[in-house]
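Student: If it helps, the file is called my_file.txt and holds compact mmCIF, C-alpha atoms:
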# COMPACT_ATOMS: atom_id res chain seq x y z
CA MET D 283 -65.96 -90.57 -42.97
CA ALA D 284 -69.63 -91.18 -42.31
CA ALA D 285 -70.68 -91.54 -38.69
CA ASP D 286 -71.68 -94.97 -37.52
CA THR D 287 -75.38 -95.70 -37.28
CA ILE D 288 -76.80 -96.04 -33.79
CA TYR D 289 -80.10 -97.88 -33.44
CA VAL D 290 -82.47 -97.03 -30.60
CA MET D 291 -85.16 -99.65 -30.27
CA ASP D 292 -88.39 -99.54 -28.35
CA GLU D 293 -89.71 -103.04 -27.71
CA MET D 294 -93.26 -102.95 -26.46
CA VAL D 295 -95.38 -105.91 -25.39
CA VAL D 296 -99.00 -104.94 -25.93
CA PRO D 297 -102.22 -106.51 -24.65
CA PRO D 298 -104.12 -108.84 -27.00
CA GLY D 299 -106.23 -107.01 -29.54
CA GLN D 300 -104.66 -103.61 -28.90
CA GLY D 301 -101.48 -103.77 -30.93
CA GLU D 302 -102.59 -101.84 -33.97
CA ALA D 303 -104.15 -99.01 -31.96
CA ILE D 304 -101.19 -98.75 -29.59
CA LEU D 305 -98.73 -98.63 -32.46
CA LYS D 306 -100.73 -95.85 -34.11
CA ASP D 307 -100.82 -93.97 -30.81
CA TYR D 308 -97.04 -94.36 -30.43
CA LEU D 309 -96.25 -93.25 -33.96
CA ASP D 310 -98.69 -90.34 -33.86
CA SER D 311 -97.89 -89.02 -30.41
CA TYR D 312 -94.23 -89.94 -29.90
CA GLY D 313 -93.00 -89.97 -33.48
CA PRO D 314 -93.08 -86.26 -34.35
CA GLY D 315 -91.05 -85.25 -31.30
CA ALA D 316 -88.57 -88.05 -31.83
CA ARG D 317 -88.03 -86.93 -35.41
CA GLN D 318 -87.66 -83.34 -34.30
CA ARG D 319 -84.93 -84.38 -31.87
CA GLY D 320 -83.05 -86.14 -34.64
CA PHE D 321 -84.33 -89.70 -34.75
CA VAL D 322 -85.08 -91.28 -38.11
CA LEU D 323 -87.63 -94.09 -38.22
CA ASP D 324 -85.83 -97.20 -39.44
CA ARG D 325 -88.53 -99.85 -39.25
CA VAL D 326 -91.40 -101.24 -37.24
CA LEU D 327 -91.50 -104.98 -36.59
CA VAL D 328 -94.32 -107.02 -35.13
CA ASN D 329 -94.12 -110.40 -33.50
CA PRO D 330 -95.91 -112.66 -34.23
CA PRO D 331 -96.43 -111.23 -37.70
CA LEU D 332 -100.15 -110.65 -37.36
CA TRP D 333 -102.31 -108.65 -34.96
CA THR D 334 -103.37 -111.14 -32.34
CA HIS D 335 -106.48 -111.12 -30.16
CA HIS D 336 -105.77 -114.06 -27.88
CA ALA D 337 -102.18 -113.26 -26.91
CA PRO D 338 -99.87 -110.24 -26.74
CA ASN D 339 -97.99 -108.81 -29.69
CA THR D 340 -94.47 -107.52 -29.35
CA ILE D 341 -93.84 -104.36 -31.36
CA THR D 342 -90.27 -103.29 -32.01
CA VAL D 343 -89.74 -99.79 -33.33
CA SER D 344 -86.23 -99.05 -34.54
CA TRP D 345 -84.97 -95.49 -34.75
CA THR D 346 -81.59 -94.48 -36.09
CA VAL D 347 -79.24 -91.61 -35.46
CA GLN D 348 -75.85 -91.06 -37.02
CA GLY D 349 -73.00 -91.10 -34.52
CA ALA D 350 -72.53 -90.55 -30.80
CA GLY D 351 -72.57 -86.76 -31.07
CA ALA D 352 -75.92 -86.77 -32.80
CA TYR D 353 -77.28 -89.25 -30.26
CA TRP D 354 -76.14 -87.05 -27.36
CA ASN D 355 -77.86 -84.17 -29.08
CA THR D 356 -81.17 -86.03 -28.97
CA LEU D 357 -80.59 -86.84 -25.31
CA PHE D 358 -79.80 -83.25 -24.38
CA GLN D 359 -83.16 -82.26 -25.85
CA SER D 360 -85.19 -84.99 -24.18
CA ARG D 361 -83.48 -85.29 -20.81
CA ASN D 362 -85.19 -82.43 -19.04
CA ASP D 363 -88.43 -82.55 -21.00
CA GLU D 364 -90.96 -83.17 -18.25
CA ALA D 365 -93.84 -83.47 -20.70
CA LEU D 366 -92.00 -86.25 -22.50
CA ALA D 367 -91.27 -88.07 -19.25
CA GLN D 368 -94.94 -87.79 -18.34
CA TRP D 369 -95.94 -89.06 -21.78
CA TRP D 370 -93.83 -92.18 -21.21
CA LYS D 371 -95.38 -92.73 -17.79
CA GLU D 372 -98.89 -92.58 -19.21
CA PHE D 373 -98.13 -94.51 -22.37
CA SER D 374 -96.43 -97.27 -20.39
CA THR D 375 -99.68 -97.98 -18.56
CA LYS D 376 -101.12 -99.20 -21.88
CA LEU D 377 -98.35 -101.77 -22.26
CA ILE D 378 -97.68 -105.09 -20.63
CA SER D 379 -94.00 -104.24 -20.60
CA ARG D 380 -91.44 -102.33 -22.57
CA ARG D 381 -87.71 -102.10 -23.11
CA ARG D 382 -85.54 -99.51 -24.80
CA THR D 383 -82.19 -100.71 -26.07
CA VAL D 384 -79.30 -99.11 -27.93
CA HIS D 385 -77.48 -101.01 -30.69
CA ALA D 386 -74.77 -100.72 -33.28
CA ALA D 387 -73.64 -103.03 -36.03
CA ALA D 388 -71.00 -105.47 -34.85
CA GLU D 389 -68.55 -104.22 -37.46
CA ASP D 390 -68.90 -100.67 -36.11
CA LEU D 391 -68.08 -101.44 -32.46
CA LYS D 392 -64.34 -100.98 -32.82
CA GLY D 393 -64.75 -97.61 -34.49
CA LEU D 394 -67.31 -96.42 -31.96
CA ALA D 395 -64.96 -97.29 -29.10
CA ASP D 396 -62.02 -95.51 -30.73
CA VAL D 397 -62.62 -92.16 -29.09
CA MET P 145 -61.33 -91.69 5.22
CA PHE P 146 -64.17 -89.16 5.15
CA LYS P 147 -64.73 -86.58 2.45
CA LEU P 148 -66.75 -83.39 2.24
CA THR P 149 -67.43 -81.66 -1.05
CA LEU P 150 -69.27 -78.41 -1.60
CA ALA P 151 -70.27 -76.90 -4.93
CA LEU P 152 -71.12 -73.27 -4.30
CA THR P 153 -73.08 -71.07 -6.67
CA PHE P 154 -72.72 -67.44 -5.73
CA SER P 155 -75.78 -65.25 -5.65
CA GLU P 156 -75.94 -62.46 -8.16
CA ALA P 157 -75.77 -59.99 -5.30
CA ALA P 158 -72.48 -61.33 -4.02
CA GLN P 159 -69.75 -58.89 -4.95
CA ASP P 160 -66.30 -59.96 -6.06
CA ALA P 161 -64.91 -59.04 -2.65
CA SER P 162 -67.49 -61.20 -0.98
CA ARG P 163 -66.69 -64.11 -3.27
CA ASP P 164 -62.99 -63.73 -2.55
CA ALA P 165 -63.66 -63.62 1.18
CA ILE P 166 -65.71 -66.81 1.03
CA THR P 167 -63.01 -68.56 -0.91
CA ALA P 168 -60.43 -67.35 1.60
CA ARG P 169 -62.48 -68.66 4.52
CA LEU P 170 -62.91 -72.02 2.80
CA GLN P 171 -59.16 -72.08 2.27
CA SER P 172 -58.57 -71.12 5.88
CA ALA P 173 -60.66 -74.05 7.06
CA ALA P 174 -58.45 -76.37 5.05
CA ALA P 175 -55.45 -75.18 7.03
CA GLN P 176 -56.89 -76.56 10.26
CA PRO P 177 -55.35 -79.64 11.85
CA GLY P 178 -57.18 -82.77 10.80
CA VAL P 179 -57.72 -81.75 7.18
CA GLY P 180 -55.91 -83.90 4.66
CA LYS P 181 -55.89 -83.44 0.92
CA HIS P 182 -58.13 -80.64 -0.22
CA PHE P 183 -58.75 -77.98 -2.82
CA ILE P 184 -60.88 -74.90 -3.20
CA SER P 185 -61.01 -74.12 -6.90
CA PRO P 186 -63.10 -72.20 -9.41
CA THR P 187 -65.05 -74.51 -11.66
CA MET P 188 -64.12 -74.76 -15.31
CA PRO P 189 -66.32 -73.66 -18.21
CA ASN P 190 -69.12 -76.00 -19.32
CA VAL P 191 -69.96 -77.49 -15.94
CA PHE P 192 -73.65 -78.39 -15.71
CA PHE P 193 -75.21 -77.06 -12.51
CA GLY P 194 -71.65 -77.37 -11.22
CA GLY P 195 -71.44 -74.15 -9.23
CA ASP P 196 -68.84 -71.41 -9.28
CA VAL P 197 -66.45 -72.86 -6.72
CA LEU P 198 -65.77 -76.46 -5.79
CA ALA P 199 -64.39 -77.14 -2.32
CA HIS P 200 -63.20 -80.59 -1.35
CA TYR P 201 -61.79 -81.73 1.98
CA GLN P 202 -60.55 -85.08 3.21
CA PHE P 203 -60.37 -86.26 6.80
CA ALA P 204 -58.81 -89.28 8.43
CA ASP P 205 -61.95 -90.01 10.40
CA GLU P 206 -65.44 -88.80 11.16
CA ALA P 207 -64.38 -86.98 14.31
CA ALA P 208 -62.00 -84.79 12.32
CA LEU P 209 -64.73 -84.05 9.79
CA ASN P 210 -67.21 -83.15 12.50
CA ALA P 211 -64.67 -80.86 14.14
CA ILE P 212 -64.00 -78.82 10.99
CA ALA P 213 -67.35 -78.99 9.14
CA PRO P 214 -68.94 -76.14 11.15
CA GLN P 215 -66.12 -73.80 10.16
CA ILE P 216 -66.52 -74.78 6.51
CA ASP P 217 -70.29 -74.28 6.61
CA ALA P 218 -69.81 -70.90 8.31
CA ALA P 219 -67.63 -69.66 5.45
CA PHE P 220 -70.67 -68.30 3.62
CA THR P 221 -74.14 -67.00 4.35
CA ALA P 222 -77.42 -67.60 2.57
CA ALA P 223 -77.17 -64.12 1.07
CA ASP P 224 -73.86 -64.96 -0.59
CA VAL P 225 -74.91 -68.10 -2.37
CA SER P 226 -77.90 -69.15 -4.42
CA ASN P 227 -77.16 -72.84 -4.04
CA VAL P 228 -74.82 -75.11 -2.14
CA ASP P 229 -74.60 -78.75 -3.07
CA ARG P 230 -73.01 -80.59 -0.18
CA VAL P 231 -72.04 -84.23 0.17
CA ILE P 232 -70.31 -86.24 2.84
CA TYR P 233 -69.06 -89.70 1.98
CA SER P 234 -66.38 -92.12 3.02
CA GLY P 235 -63.86 -94.42 1.43
CA LYS P 236 -60.86 -94.06 -0.77
CA ALA P 237 -60.14 -94.34 -4.46
CA ASN P 238 -61.40 -97.54 -6.09
CA GLY P 239 -58.90 -97.26 -8.90
CA ILE P 240 -55.54 -95.54 -9.21
CA ALA P 241 -53.85 -95.75 -12.59
CA LYS P 242 -51.80 -92.59 -12.21
CA PRO P 243 -50.79 -91.95 -8.60
CA ASP P 244 -48.49 -89.08 -9.55
CA LEU P 245 -51.02 -87.21 -11.69
CA LYS P 246 -50.24 -83.49 -11.85
CA ASP P 247 -51.84 -80.57 -13.66
CA GLY P 248 -54.87 -82.65 -14.54
CA VAL P 249 -58.59 -82.27 -14.16
CA TYR P 250 -60.72 -83.45 -11.25
CA ARG P 251 -64.35 -84.13 -12.04
CA THR P 252 -67.16 -85.09 -9.72
CA LEU P 253 -70.75 -85.95 -10.51
CA LEU P 254 -73.36 -85.69 -7.80
CA LEU P 255 -76.50 -87.60 -8.59
CA SER P 256 -79.73 -88.50 -6.90
CA VAL P 257 -81.30 -91.93 -7.30
CA ASP P 258 -85.07 -92.08 -6.87
CA THR P 259 -86.14 -93.42 -3.51
CA SER P 260 -88.29 -96.01 -5.31
CA ALA P 261 -85.28 -97.64 -7.00
CA SER P 262 -84.68 -101.23 -6.03
CA PRO P 263 -81.41 -102.32 -4.40
CA ALA P 264 -80.79 -104.58 -7.41
CA ALA P 265 -81.19 -101.69 -9.83
CA ILE P 266 -78.88 -99.50 -7.78
CA LYS P 267 -76.24 -102.22 -7.74
CA ALA P 268 -76.57 -102.75 -11.51
CA PHE P 269 -76.18 -99.01 -12.07
CA GLU P 270 -73.10 -98.88 -9.85
CA ASP P 271 -71.60 -101.88 -11.65
CA ASP P 272 -72.17 -100.14 -14.98
CA LEU P 273 -70.45 -97.00 -13.75
CA ARG P 274 -67.46 -98.91 -12.44
CA SER P 275 -67.17 -100.77 -15.72
CA MET P 276 -66.55 -97.48 -17.51
CA THR P 277 -63.09 -97.38 -16.00
CA ARG P 278 -62.17 -100.52 -17.96
CA HIS P 279 -63.33 -99.01 -21.24
CA VAL P 280 -62.05 -95.47 -20.83
CA PRO P 281 -58.31 -95.38 -20.10
CA ALA P 282 -58.48 -91.59 -19.90
CA ILE P 283 -59.99 -92.09 -16.44
CA LYS P 284 -56.81 -92.23 -14.42
CA ASN P 285 -58.04 -92.29 -10.83
CA TRP P 286 -61.59 -92.77 -9.64
CA GLN P 287 -63.97 -93.38 -6.78
CA LEU P 288 -67.66 -94.22 -6.70
CA SER P 289 -69.37 -93.61 -3.40
CA ARG P 290 -72.77 -93.64 -1.83
CA THR P 291 -73.23 -90.53 0.23
CA LEU P 292 -73.58 -90.43 3.98
CA SER P 293 -75.42 -87.17 3.51
CA GLY P 294 -76.31 -85.11 0.48
CA SER P 295 -78.14 -81.81 0.23
CA GLY P 296 -78.63 -78.79 -1.98
CA ALA P 297 -80.53 -78.85 -5.22
CA MET P 298 -81.19 -82.56 -4.70
CA PRO P 299 -80.79 -85.15 -1.94
CA TRP P 300 -77.58 -86.46 -3.49
CA THR P 301 -77.17 -90.20 -3.12
CA HIS P 302 -73.95 -90.86 -5.07
CA VAL P 303 -70.63 -89.23 -5.84
CA TRP P 304 -68.76 -90.30 -8.99
CA GLU P 305 -65.24 -88.85 -9.03
CA GLN P 306 -62.62 -89.16 -11.71
CA GLU P 307 -59.28 -87.59 -12.50
CA TYR P 308 -57.99 -87.01 -16.02
CA GLU P 309 -54.74 -85.79 -17.47
CA SER P 310 -56.63 -83.05 -19.27
CA ILE P 311 -60.12 -81.82 -19.99
CA ASP P 312 -59.94 -83.67 -23.29
CA GLY P 313 -60.20 -86.98 -21.45
CA LEU P 314 -63.50 -85.96 -19.91
CA MET P 315 -65.01 -84.27 -22.94
CA GLY P 316 -63.72 -86.85 -25.40
CA PRO P 317 -63.37 -90.50 -24.39
CA TYR P 318 -65.52 -90.31 -21.26
CA MET P 319 -68.46 -88.66 -23.00
CA MET P 320 -68.17 -90.29 -26.39
CA HIS P 321 -67.39 -93.92 -25.56
CA PRO P 322 -70.38 -96.23 -26.15
CA CYS P 323 -70.13 -97.49 -22.59
CA HIS P 324 -71.43 -94.06 -21.59
CA TRP P 325 -74.19 -93.20 -24.06
CA GLY P 326 -75.05 -96.81 -24.92
CA MET P 327 -75.00 -98.41 -21.49
CA VAL P 328 -74.72 -96.15 -18.45
CA ASP P 329 -76.91 -93.36 -19.67
CA ARG P 330 -80.10 -95.44 -19.56
CA TRP P 331 -80.16 -95.03 -15.78
CA PHE P 332 -80.31 -91.25 -16.23
CA ASP P 333 -82.86 -91.24 -19.04
CA PRO P 334 -86.58 -91.08 -18.30
CA GLU P 335 -87.22 -92.51 -21.78
CA PHE P 336 -85.79 -95.82 -20.56
CA PRO P 337 -87.77 -97.96 -18.14
CA GLU P 338 -84.56 -98.20 -16.11
CA GLY P 339 -84.39 -94.41 -15.68
CA MET P 340 -84.10 -93.80 -11.95
CA ILE P 341 -81.71 -90.88 -11.57
CA ASN P 342 -83.12 -87.41 -11.41
CA PRO P 343 -82.10 -85.40 -14.49
CA ARG P 344 -80.99 -82.61 -12.16
CA ILE P 345 -77.39 -83.60 -11.68
CA CYS P 346 -74.35 -81.66 -10.53
CA HIS P 347 -71.61 -82.20 -13.11
CA THR P 348 -68.59 -80.18 -12.14
CA PHE P 349 -64.86 -80.14 -12.70
CA VAL P 350 -61.82 -78.10 -11.84
CA ALA P 351 -58.18 -77.83 -12.78
CA ALA P 352 -56.23 -80.05 -10.40
CA PRO P 353 -52.58 -79.23 -9.80
CA ALA P 354 -52.19 -82.59 -8.06
CA THR P 355 -54.31 -85.67 -7.55
CA VAL P 356 -56.61 -85.77 -4.55
CA LEU P 357 -57.84 -89.30 -5.22
CA ALA P 358 -54.54 -91.16 -5.28
So that I can check it, write out the structure of this file as structure tokens.

Tutor:
Amino acid sequence: MAADTIYVMDEMVVPPGQGEAILKDYLDSYGPGARQRGFVLDRVLVNPPLWTHHAPNTITVSWTVQGAGAYWNTLFQSRNDEALAQWWKEFSTKLISRRRTVHAAAEDLKGLADV
Amino acid sequence: MFKLTLALTFSEAAQDASRDAITARLQSAAAQPGVGKHFISPTMPNVFFGGDVLAHYQFADEAALNAIAPQIDAAFTAADVSNVDRVIYSGKANGIAKPDLKDGVYRTLLLSVDTSASPAAIKAFEDDLRSMTRHVPAIKNWQLSRTLSGSGAMPWTHVWEQEYESIDGLMGPYMMHPCHWGMVDRWFDPEFPEGMINPRICHTFVAAPATVLA
């Protein structure tokens, strides 16, 4: 049976006029390591759906990983990575705010909890 | 009730005889009047910075703890051990689902919350941890405590104890339930803005002939 998909989403509120550059920075500097740890880029969403110069954009980057074991594996790699923690500290200063959230499809919740 | 837990990591120079003598002295301290439930046990494989021996003592009150603690601390010297994680905390089990648990596994997690964490964040973290016991029936008995003192590799701020019927409960349901990796873990993860717990934790567990929490 295939493992359930887990979605890890970074939601970043970026200053007006900087969305495109900040997204490129994120994908170029964070993306390779995330992929190496096991994340697969699912999609990148932008709200409102244009790069704005008078108000913030909210960028949502969705990563996927297949199953809890694979997700733990990514965490074991990142948890004690001081360079990564420092990268987040510095990158966060470019943002107005950010959230990271973990999701699963509603129909998968029962299976995920059956451990 | 007051509790003292030590996770000892022997130095490489400590010979087997020295290790046995330390364990015997820790055991001897437990025989003193005023010591309640206790154990001095080798840690099980796959602990994470969990030490070689876990020693746990319970006392009816602070005076009893203060009377015995010097003897416990004198059971080893700096040359014998490379690290000693030591916590003192109070209280009793917050949940007891299996008061007659025998031949199970006792697990404790020592963790250190950043000093910059807000009281609201600490409370939210503690609420998340407690909620795990509703989602993971394999956790039979448990206690979450703020430390009165914590020292060693980190200034430990919290003690998260659970008892299981077997190691499978810890390695399986506890680790793999989404309440752990999808909810609680954010507090431990520097990739989350909520991350406020130092990644250097002390995750340790021992075979438990009888419950010490219930």

Student: For range 339-354 of chain P, find every residue with an atom within 9 Å (counting all atoms listed in the file), except residues of its own chain fewer than 6 positions away, and show them as a ChimeraX atom specification.

Tutor: /D:361-362 /P:151,183,185-195,197-198,229,244-261,265-266,297-298,300,307,310-311,329-333

Student: Go through chain P and flag each residue having an atom no more than 7 Å from chain D; for those, report the closest pair of atoms plus their distance in Å to one decimal, using only C-alpha atoms, ordered by chain and rising number, as a tab-separated table.

Tutor:
residue	atom	partner	partner_atom	distance
P:Gly316	CA	D:Val397	CA	6.6
P:Pro317	CA	D:Val397	CA	5.0
P:Met320	CA	D:Ala350	CA	6.2
P:His321	CA	D:Ala395	CA	5.5
P:Pro322	CA	D:Ala395	CA	6.3
P:Gly326	CA	D:Val384	CA	5.7
P:Asp333	CA	D:Arg361	CA	6.2
P:Pro334	CA	D:Ala367	CA	5.7
P:Glu335	CA	D:Ala367	CA	6.5
P:Phe336	CA	D:Arg382	CA	5.6
P:Pro337	CA	D:Arg381	CA	6.5
P:Pro343	CA	D:Asn362	CA	6.3

Student: Using all atoms listed in the file, which residues sit within 6 Å of range 163-174 of chain P once same-chain residues fewer than 3 positions away are excluded, as a ChimeraX atom specification?

Tutor: /P:160,179,216,219-220

Student: Distance CA of Gly296 in chain P-CA of His182 in chain P, one decimal place?

Tutor: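 Computing it gives 20.7 Å between the two atoms.
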
Student: One number please: CA of Thr340 in chain D to CA of Pro314 in chain D, in Å, one decimal.

Tutor: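 We find that CA of Thr340 in chain D and CA of Pro314 in chain D lie 21.9 Å from each other.
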
Student: Provide the CA of Met291 in chain D to CA of Ala316 in chain D distance in Å, to one decimal place.

Tutor: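 Taking CA of Met291 in chain D and CA of Ala316 in chain D, their separation equals 12.2 Å.
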
Student: Taking all atoms listed in the file into account, which of D:Leu309, D:Arg319, D:Ala365, D:Gly301 comes nearest His335 in chain D?

Tutor: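 Using all atoms listed in the file, the shortest distance to His335 in chain D belongs to D:Gly301.
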
Student: Find the residue from P:Thr301, P:Gln202, P:Gln176, P:Ser289 that sits nearest to Leu148 in chain P; use all atoms listed in the file when measuring.

Tutor: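 Residue with the minimum atom-to-atom distance to Leu148 in chain P: P:Gln202.
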
Student: When you look at Thr342 in chain D with a cut-off of 6 Å (counting all atoms listed in the file), what residues show up, excluding the ones that are within fewer than 4 positions of it in the same chain? I need them as an MDAnalysis selection string.

Tutor: chainID D and resid 292:293 326:327

Student: Tell me which protein, DNA and RNA residues are within 12 Å of Gln318 in chain D, counting all atoms listed in the file, leaving out same-chain ones fewer than 3 positions away, and put them as a ChimeraX atom specification.

Tutor: /D:312-315,321-323,347,355-357,359-360

Student: Give as a ChimeraX atom specification the set of residues within 6 Å of the point (-70.0, -92.1, -37.6), where distances use the file's coordinates and all atoms listed in the file.

Tutor: /D:284-286,348-349

Student: Rank D:Ile341, D:Phe358, D:Ile378, D:Thr346 by their smallest atom-to-atom distance to Lys306 in chain D, using all atoms listed in the file, and report the top residue only.

Tutor: D:Ile341

Student: Edge lengths and centre in Å to one decimal, as AutoDock Vina command-line options, of the axis-aligned box that encloses all listed atoms of range 154-172 of chain P with 8 Å added on every side?

Tutor:
--center_x -67.3 --center_y -65.5 --center_z -1.1 --size_x 33.4 --size_y 29.2 --size_z 30.0

Student: Considering only C-alpha atoms, return as a list in words whatever protein or nucleic-acid residues lie within 8 Å of Ala282 in chain P, sequence-local ones (same chain, fewer than 4 positions apart) excluded.

Tutor: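 The filter keeps Tyr308, Glu309, Gly313, Leu314, Pro317 and Tyr318 of chain P.
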